[in-house]
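Engineer: Input file: run.txt. Contents: compact mmCIF, C-alpha atoms.
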# COMPACT_ATOMS: atom_id res chain seq x y z
CA MET A 1 -1.89 17.58 27.26
CA LEU A 2 -0.59 15.88 24.13
CA SER A 3 -0.20 18.37 21.27
CA ILE A 4 0.49 17.13 17.76
CA TYR A 5 1.82 19.08 14.82
CA TYR A 6 0.85 17.36 11.55
CA GLY A 7 3.02 17.67 8.45
CA LEU A 8 6.45 19.23 8.06
CA TYR A 9 7.59 20.82 11.34
CA LYS A 10 10.19 23.50 10.74
CA GLY A 11 11.24 24.45 14.29
CA GLU A 12 14.95 24.55 15.12
CA ASN A 13 14.39 22.12 17.99
CA TYR A 14 12.84 19.41 15.77
CA ILE A 15 14.36 15.91 15.75
CA ASP A 16 13.36 14.05 12.59
CA ASN A 17 15.31 10.84 13.32
CA PRO A 18 14.72 10.08 17.03
CA ASP A 19 16.21 6.59 16.69
CA LEU A 20 19.64 7.94 15.74
CA TYR A 21 19.39 10.97 18.05
CA PHE A 22 18.69 8.74 21.04
CA ASP A 23 21.83 6.67 20.49
CA ASN A 24 24.04 9.74 20.79
CA THR A 25 22.24 11.81 23.42
CA TYR A 26 20.32 9.59 25.88
CA GLU A 27 20.93 10.09 29.58
CA ASP A 28 21.40 7.11 31.88
CA ALA A 29 18.78 8.45 34.30
CA TRP A 30 16.09 8.16 31.60
CA LEU A 31 16.67 4.41 31.48
CA GLU A 32 16.44 3.95 35.23
CA ASP A 33 12.95 5.44 35.31
CA PRO A 34 10.20 2.83 35.95
CA HIS A 35 8.11 4.36 33.15
CA SER A 36 10.89 3.68 30.65
CA LYS A 37 11.18 0.10 31.85
CA ALA A 38 7.41 -0.33 31.46
CA MET A 39 7.49 1.09 27.92
CA VAL A 40 10.30 -1.28 26.90
CA LYS A 41 8.40 -4.20 28.43
CA ASP A 42 5.17 -3.30 26.64
CA ILE A 43 6.48 -2.28 23.21
CA ASP A 44 9.67 -4.31 22.77
CA LYS A 45 8.65 -7.23 25.03
CA SER A 46 12.11 -6.88 26.60
CA GLU A 47 13.56 -6.22 30.05
CA LEU A 48 15.37 -2.91 30.46
CA ILE A 49 17.89 -3.88 33.12
CA GLY A 50 19.65 -0.51 33.16
CA PRO A 51 21.40 2.08 30.99
CA ASN A 52 23.73 -0.51 29.50
CA LEU A 53 21.67 -3.65 29.15
CA VAL A 54 18.43 -4.92 27.66
CA ILE A 55 17.37 -8.55 27.65
CA SER A 56 15.41 -9.35 24.50
CA PRO A 57 13.58 -12.69 24.17
CA VAL A 58 14.66 -12.80 20.50
CA LEU A 59 18.08 -11.14 20.36
CA GLY A 60 19.40 -11.98 23.84
CA SER A 61 21.52 -9.40 25.67
CA ILE A 62 21.61 -6.18 23.64
CA PRO A 63 22.65 -2.55 24.22
CA VAL A 64 19.97 0.14 24.50
CA SER A 65 20.93 1.34 21.01
CA ARG A 66 19.07 -1.72 19.67
CA LEU A 67 15.77 -0.87 21.28
CA SER A 68 13.03 -0.18 18.75
CA GLY A 69 12.81 3.29 17.22
CA GLY A 70 9.33 3.61 18.70
CA VAL A 71 10.32 3.03 22.30
CA LYS A 72 13.41 5.24 21.96
CA THR A 73 11.12 8.02 20.74
CA LEU A 74 8.69 7.55 23.63
CA ILE A 75 11.51 7.68 26.19
CA GLN A 76 12.81 10.92 24.68
CA ILE A 77 9.36 12.52 24.56
CA ALA A 78 8.85 11.63 28.21
CA HIS A 79 12.21 12.94 29.39
CA ASP A 80 13.40 15.68 27.04
CA PRO A 81 11.12 18.74 26.96
CA GLU A 82 13.67 20.75 24.93
CA HIS A 83 12.95 19.05 21.59
CA VAL A 84 10.01 18.26 19.35
CA TYR A 85 10.28 14.64 18.25
CA ASN A 86 9.02 12.96 15.10
CA ALA A 87 6.44 10.54 16.54
CA SER A 88 6.04 8.91 13.13
CA ALA A 89 8.95 6.79 14.33
CA CYS A 90 6.32 5.21 16.60
CA GLY A 91 3.91 2.48 15.55
CA ASP A 92 0.26 2.36 16.57
CA ASN A 93 1.29 0.22 19.55
CA CYS A 94 2.89 3.39 20.99
CA ALA A 95 -0.31 5.49 20.80
CA ALA A 96 -1.56 4.65 24.30
CA TRP A 97 1.83 5.63 25.75
CA LEU A 98 1.76 8.99 23.97
CA LEU A 99 -1.64 9.70 25.53
CA ARG A 100 -0.36 8.57 28.92
CA ILE A 101 2.65 10.92 28.72
CA GLY A 102 0.29 13.71 27.64
CA LYS A 103 -1.84 13.16 30.75
CA GLU A 104 1.19 13.75 32.97
CA LYS A 105 2.72 16.76 31.20
CA ASP A 106 2.33 19.07 28.23
CA VAL A 107 4.23 17.65 25.27
CA LEU A 108 4.42 18.57 21.61
CA VAL A 109 5.24 15.94 18.98
CA ARG A 110 5.13 15.88 15.20
CA LEU A 111 3.30 13.30 13.06
CA GLY A 112 3.57 12.64 9.33
CA HIS A 113 0.89 9.97 9.30
CA GLN A 114 -2.45 9.12 10.88
CA MET A 115 -1.68 7.25 14.09
CA ARG A 116 -4.51 5.12 15.52
CA PHE A 117 -5.44 6.45 18.96
CA THR A 118 -7.93 3.86 20.13
CA GLU A 119 -8.28 4.75 23.83
CA GLU A 120 -11.23 7.20 23.62
CA PRO A 121 -12.10 9.70 24.86
CA PHE A 122 -8.79 11.55 24.86
CA ASP A 123 -7.54 15.13 24.81
CA ILE A 124 -5.32 15.93 21.84
CA ARG A 125 -4.52 19.45 20.69
CA ILE A 126 -3.84 19.84 16.98
CA GLU A 127 -0.97 22.30 17.07
CA ASN A 128 -1.49 23.50 13.47
CA THR A 129 -4.95 24.90 14.25
CA GLY A 130 -5.29 24.96 18.04
CA GLN A 131 -8.31 22.64 17.88
CA VAL A 132 -8.72 20.16 20.76
CA VAL A 133 -10.27 16.81 19.80
CA HIS A 134 -11.52 13.93 21.93
CA THR A 135 -12.28 11.04 19.57
CA ARG A 136 -10.46 9.34 16.73
CA LYS A 137 -13.20 10.36 14.31
CA GLU A 138 -12.80 14.03 15.27
CA LEU A 139 -9.03 13.79 14.91
CA VAL A 140 -9.03 12.03 11.53
CA THR A 141 -11.71 14.36 10.16
CA ALA A 142 -9.78 17.46 11.24
CA VAL A 143 -6.49 16.26 9.76
CA ILE A 144 -8.02 15.21 6.44
CA SER A 145 -10.46 18.11 5.96
CA GLN A 146 -7.70 20.66 6.54
CA GLY A 147 -5.13 18.80 4.43
CA LEU A 148 -2.57 18.84 7.23
CA LEU A 149 -0.59 15.92 5.80
CA GLU A 150 -0.56 17.06 2.19
CA GLU A 151 2.37 19.46 2.37
CA THR A 152 5.51 18.29 0.54
CA LEU A 153 9.06 19.63 0.27
CA MET B 1 13.19 -4.67 -13.96
CA LYS B 2 10.07 -6.80 -13.69
CA GLY B 3 8.76 -9.76 -11.77
CA ARG B 4 8.53 -10.99 -8.23
CA TYR B 5 11.51 -11.58 -5.98
CA ASP B 6 11.84 -13.47 -2.74
CA VAL B 7 14.32 -12.03 -0.25
CA VAL B 8 15.49 -14.33 2.52
CA LEU B 9 17.86 -12.86 5.10
CA TYR B 10 18.89 -14.61 8.29
CA ASN B 11 21.44 -15.08 11.03
CA ASN B 12 21.43 -17.31 14.10
CA LYS B 13 18.61 -15.34 15.81
CA VAL B 14 16.21 -14.02 13.19
CA HIS B 15 14.98 -15.09 9.77
CA TYR B 16 13.20 -12.76 7.33
CA HIS B 17 11.25 -13.73 4.25
CA LEU B 18 9.97 -10.88 2.09
CA THR B 19 8.33 -11.13 -1.33
CA ILE B 20 8.78 -8.00 -3.45
CA LYS B 21 6.38 -7.66 -6.38
CA ARG B 22 6.43 -4.02 -7.49
CA ASN B 23 9.02 -1.30 -7.99
CA ILE B 24 7.96 0.45 -4.75
CA THR B 25 7.05 -1.46 -1.60
CA ILE B 26 6.31 0.24 1.72
CA LEU B 27 6.98 -1.50 5.04
CA ARG B 28 5.32 -0.04 8.14
CA GLY B 29 3.41 -1.29 11.17
CA ASP B 30 3.95 -1.60 14.89
CA SER B 31 7.17 -0.63 16.64
CA ALA B 32 9.48 -3.53 17.48
CA SER B 33 8.23 -5.72 14.64
CA GLY B 34 11.77 -6.08 13.29
CA LYS B 35 11.89 -3.55 10.43
CA SER B 36 15.01 -1.70 11.51
CA GLU B 37 16.65 -4.96 12.59
CA PHE B 38 16.21 -6.16 8.99
CA ILE B 39 18.01 -3.03 7.72
CA ARG B 40 20.76 -3.44 10.31
CA LEU B 41 21.37 -7.04 9.23
CA LEU B 42 21.35 -6.21 5.52
CA ALA B 43 23.75 -3.27 6.00
CA GLN B 44 26.13 -5.55 7.88
CA TYR B 45 25.81 -8.12 5.10
CA ASN B 46 26.50 -5.43 2.45
CA GLY B 47 29.63 -4.40 4.32
CA SER B 48 31.04 -7.88 4.68
CA PRO B 49 29.02 -10.55 2.83
CA LYS B 50 31.27 -13.53 3.47
CA SER B 51 32.39 -12.94 7.04
CA SER B 52 29.28 -11.30 8.55
CA GLY B 53 27.68 -14.62 9.50
CA ILE B 54 24.53 -13.35 7.76
CA SER B 55 22.99 -15.18 4.81
CA LEU B 56 21.08 -13.57 1.96
CA ILE B 57 19.19 -15.52 -0.67
CA CYS B 58 17.78 -13.48 -3.56
CA ASP B 59 18.02 -13.49 -7.35
CA ARG B 60 18.95 -9.80 -7.24
CA GLU B 61 21.48 -7.86 -5.21
CA CYS B 62 19.92 -6.23 -2.16
CA ILE B 63 21.51 -3.02 -0.92
CA VAL B 64 20.73 -0.54 1.87
CA LEU B 65 20.56 3.07 0.68
CA ASN B 66 21.47 5.93 3.01
CA GLU B 67 22.13 9.67 2.88
CA GLY B 68 25.72 9.08 1.80
CA ASN B 69 25.31 6.58 -1.02
CA TRP B 70 21.86 6.97 -2.57
CA LYS B 71 22.74 9.35 -5.43
CA LEU B 72 25.80 7.40 -6.51
CA TYR B 73 24.05 4.03 -6.31
CA LEU B 74 20.99 5.19 -8.25
CA GLU B 75 23.21 6.62 -10.97
CA THR B 76 25.36 3.50 -11.08
CA TYR B 77 23.27 0.39 -10.48
CA ARG B 78 20.44 -1.31 -12.36
CA GLU B 79 18.27 -4.28 -11.47
CA ARG B 80 18.95 -4.09 -7.75
CA ILE B 81 16.56 -4.10 -4.82
CA PHE B 82 17.24 -1.09 -2.63
CA PHE B 83 16.13 -0.93 1.00
CA ILE B 84 15.72 2.42 2.79
CA ASP B 85 15.08 2.88 6.52
CA GLU B 86 12.97 5.68 7.99
CA GLY B 87 14.81 8.78 9.10
CA ASN B 88 16.57 9.42 5.79
CA ASP B 89 15.82 13.00 4.74
CA PHE B 90 16.23 12.27 1.03
CA LEU B 91 13.08 10.13 1.05
CA ARG B 92 10.91 13.26 1.00
CA THR B 93 12.80 15.09 -1.74
CA LYS B 94 11.61 15.60 -5.31
CA GLU B 95 15.12 14.67 -6.47
CA PHE B 96 14.74 11.19 -4.99
CA ALA B 97 11.20 10.82 -6.36
CA ASP B 98 12.42 11.73 -9.85
CA ALA B 99 15.31 9.27 -9.57
CA VAL B 100 12.96 6.48 -8.49
CA LYS B 101 10.60 7.09 -11.41
CA GLY B 102 13.45 6.77 -13.89
CA ALA B 103 15.22 3.85 -12.22
CA ASP B 104 15.35 0.21 -13.30
CA ASN B 105 15.42 -0.99 -9.68
CA TYR B 106 13.01 -1.99 -6.95
CA PHE B 107 12.70 0.04 -3.74
CA VAL B 108 11.57 -1.12 -0.31
CA ILE B 109 10.91 1.88 1.93
CA ILE B 110 10.45 1.53 5.68
CA SER B 111 8.32 4.46 6.78
CA ARG B 112 4.89 5.46 8.08
CA GLU B 113 5.07 8.82 6.33
CA ASN B 114 3.01 9.72 3.28
CA PHE B 115 4.99 10.18 0.06
CA PRO B 116 2.75 12.03 -2.38
CA ASN B 117 5.64 12.33 -4.84
CA LEU B 118 6.10 8.56 -5.13
CA PRO B 119 3.79 6.36 -7.23
CA TYR B 120 3.11 3.37 -4.97
CA SER B 121 0.03 1.20 -4.63
CA VAL B 122 -1.96 0.74 -1.43
CA ASP B 123 -1.70 -3.00 -2.20
CA GLU B 124 2.06 -2.83 -1.72
CA ILE B 125 1.99 -1.53 1.86
CA TYR B 126 3.06 -4.29 4.21
CA GLY B 127 3.90 -4.92 7.83
CA LEU B 128 6.19 -7.51 9.39
CA ARG B 129 5.02 -10.13 11.84
CA GLU B 130 6.28 -13.26 13.46
CA GLY B 131 5.41 -16.15 11.14
CA LYS B 132 3.60 -19.37 11.96
CA TYR B 133 6.75 -21.36 11.35
CA ARG B 134 9.27 -20.99 14.16
CA GLU B 135 12.52 -22.82 14.68
CA ALA B 136 13.83 -23.53 18.16
CA LYS B 137 16.69 -21.05 17.83
CA ARG B 138 15.35 -18.52 15.36
CA VAL B 139 12.33 -16.23 15.05
CA TYR B 140 10.82 -16.27 11.56
CA ASN B 141 9.46 -12.94 10.25
CA GLU B 142 7.23 -12.59 7.22
CA MET B 143 5.31 -9.84 5.42
CA TYR B 144 1.57 -9.23 5.61
CA ARG B 145 -0.52 -6.83 3.57
CA ILE B 146 -1.82 -4.01 5.79
CA TYR B 147 -4.70 -2.83 3.60
CA GLY B 148 -5.44 -6.18 1.98
CA ASN B 149 -9.06 -6.32 3.07
CA LEU B 150 -10.15 -2.87 1.96
CA PRO B 151 -13.17 -2.93 -0.35
CA GLU B 152 -12.43 -1.91 -3.93
CA SER B 153 -14.43 1.33 -3.52
CA LEU B 154 -12.07 2.59 -0.81
CA ARG B 155 -8.83 1.95 -2.69
CA CYS B 156 -6.91 4.66 -4.50
Would it be possible to restate this file's structure as structure tokens?
Structural biologist:
Amino acid sequence: MLSIYYGLYKGENYIDNPDLYFDNTYEDAWLEDPHSKAMVKDIDKSELIGPNLVISPVLGSIPVSRLSGGVKTLIQIAHDPEHVYNASACGDNCAAWLLRIGKEKDVLVRLGHQMRFTEEPFDIRIENTGQVVHTRKELVTAVISQGLLEETL
Amino acid sequence: MKGRYDVVLYNNKVHYHLTIKRNITILRGDSASGKSEFIRLLAQYNGSPKSSGISLICDRECIVLNEGNWKLYLETYRERIFFIDEGNDFLRTKEFADAVKGADNYFVIISRENFPNLPYSVDEIYGLREGKYREAKRVYNEMYRIYGNLPESLRC
């Protein structure tokens, strides 16, 4: 199931900047996975040829370091269970992929904003409270009513 | 610093046109809409304006802020437009919020996070999208207002 911690996550295994972290830690095998190729096709509209090459319709041949921050984050969430990633690096166009990953395995991510999960019903566990929600209305209501995004440094 | 500024940044592949109207502008939206590519281009331009092959047209200097330079630049510069990508820890600090409030600069922040310490308007939250105009060799990106159609009663 997809679990989401809202607000400031303080765990030692938290990665706040998944875009940068990916560039220095990704494993080639992650980029040979058909799921990763499908994510890159859907989000970046590009062809992930392999660990060293992406073909973008706009930028031409580019290294994987120039994939979008959103797709880098999705690939890490799908392949690296050791860390909790900041999914606020992902746009709303990544929401369906987060739910899809959560259907295949238990993952915990952090959000600092209200992402639009439009594919209802879904199963999302709010890590802060343990509540499991199934619709966008339930999720938004829970996050707002409990002030989960109001904490500041 | 007051007024509205057009920022045009382009190379041989992409062309950005942003209009900045207030001291704090937020850019967010879908992944892969070109936000971080804009920052990458501008940082390269800042590093080597004449030989980068990148062109910038703006009445004010446009500079990318990062963890290493933001304090020095905010203490030093006036009447600049500063661009900040997501992932910079200083964005959430009170120190940065205080510096922004006292600065005579404009700030364009790329992030989906909430910043309760920063005084920005919901009207100045934008996304990037591919524009209607498109050259054969270059993709043209422009800003659009994300919450532009909210009724007055729902605005803060």
Engineer: How many Å separate atom CA of Glu151 of chain A from atom CA of Tyr9 of chain A?
Structural biologist: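 Atom CA of Tyr9 of chain A lies 10.5 Å from atom CA of Glu151 of chain A.
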Engineer: Hey, what's within 8 Å of Val71 of chain A if we count all atoms listed in the file and toss same-chain stuff fewer than 2 positions away? As number ranges by chain, please?
Structural biologist: A: 39-40, 43-44, 67-69, 73-75, 90, 94; B: 31
Engineer: Would you compute the distance between atom CA of Ile4 of chain A and atom CA of Phe38 of chain B? Give it in Å to one decimal.
Structural biologist: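 Taking atom CA of Ile4 of chain A as the start and atom CA of Phe38 of chain B as the end point, the length is 29.4 Å.
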Engineer: Quick check: residues of chain B within 6 Å of chain A, all atoms listed in the file, returned as an MDAnalysis selection string.
Structural biologist: chainID B and resid 29:32 87 113
Engineer: Counting all atoms listed in the file, which residue out of A:Gln146, A:Val140, A:Val64, A:Asp23 sits closest to Lys37 of chain A?
Structural biologist: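 Smallest distance to Lys37 of chain A is found for A:Val64.
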Engineer: Generate N, CA and C atoms for segment 50-73 of chain B and emit them as a short mmCIF file (atom, residue, chain, number, x, y, z; two decimals), keeping the file's coordinate frame.
Structural biologist:
data_model
loop_
_atom_site.label_atom_id
_atom_site.label_comp_id
_atom_site.auth_asym_id
_atom_site.auth_seq_id
_atom_site.Cartn_x
_atom_site.Cartn_y
_atom_site.Cartn_z
N LYS B 50 30.79 -12.18 3.17
CA LYS B 50 31.27 -13.53 3.47
C LYS B 50 31.54 -13.76 4.95
N SER B 51 31.98 -12.71 5.66
CA SER B 51 32.39 -12.94 7.04
C SER B 51 31.42 -12.34 8.06
N SER B 52 30.24 -11.90 7.61
CA SER B 52 29.28 -11.30 8.55
C SER B 52 28.53 -12.35 9.36
N GLY B 53 28.50 -13.59 8.84
CA GLY B 53 27.68 -14.62 9.50
C GLY B 53 26.21 -14.49 9.14
N ILE B 54 25.91 -13.59 8.21
CA ILE B 54 24.53 -13.35 7.76
C ILE B 54 24.38 -13.95 6.37
N SER B 55 23.24 -14.59 6.12
CA SER B 55 22.99 -15.18 4.81
C SER B 55 21.88 -14.45 4.09
N LEU B 56 22.09 -14.21 2.80
CA LEU B 56 21.08 -13.57 1.96
C LEU B 56 20.83 -14.46 0.76
N ILE B 57 19.56 -14.75 0.52
CA ILE B 57 19.19 -15.52 -0.67
C ILE B 57 18.23 -14.68 -1.48
N CYS B 58 18.64 -14.28 -2.68
CA CYS B 58 17.78 -13.48 -3.56
C CYS B 58 18.39 -13.53 -4.95
N ASP B 59 17.53 -13.48 -5.97
CA ASP B 59 18.02 -13.49 -7.35
C ASP B 59 18.62 -12.16 -7.76
N ARG B 60 18.39 -11.11 -6.95
CA ARG B 60 18.95 -9.80 -7.24
C ARG B 60 19.78 -9.33 -6.05
N GLU B 61 20.72 -8.44 -6.32
CA GLU B 61 21.48 -7.86 -5.21
C GLU B 61 20.58 -6.96 -4.38
N CYS B 62 20.71 -7.05 -3.08
CA CYS B 62 19.92 -6.23 -2.16
C CYS B 62 20.87 -5.30 -1.42
N ILE B 63 20.58 -4.02 -1.45
CA ILE B 63 21.51 -3.02 -0.92
C ILE B 63 20.74 -2.00 -0.08
N VAL B 64 21.33 -1.60 1.04
CA VAL B 64 20.73 -0.54 1.87
C VAL B 64 21.20 0.82 1.35
N LEU B 65 20.23 1.70 1.08
CA LEU B 65 20.56 3.07 0.68
C LEU B 65 20.55 3.97 1.91
N ASN B 66 21.47 4.94 1.93
CA ASN B 66 21.47 5.93 3.01
C ASN B 66 21.82 7.31 2.45
N GLU B 67 21.90 8.29 3.33
CA GLU B 67 22.13 9.67 2.88
C GLU B 67 23.43 9.78 2.08
N GLY B 68 24.41 8.95 2.42
CA GLY B 68 25.72 9.08 1.80
C GLY B 68 25.87 8.40 0.46
N ASN B 69 25.05 7.37 0.20
CA ASN B 69 25.31 6.58 -1.02
C ASN B 69 24.20 6.63 -2.06
N TRP B 70 23.01 7.20 -1.71
CA TRP B 70 21.86 6.97 -2.57
C TRP B 70 22.01 7.55 -3.98
N LYS B 71 22.61 8.74 -4.09
CA LYS B 71 22.74 9.35 -5.43
C LYS B 71 23.67 8.52 -6.31
N LEU B 72 24.81 8.17 -5.75
CA LEU B 72 25.80 7.40 -6.51
C LEU B 72 25.23 6.04 -6.93
N TYR B 73 24.57 5.36 -6.00
CA TYR B 73 24.05 4.03 -6.31
C TYR B 73 22.94 4.09 -7.35
#
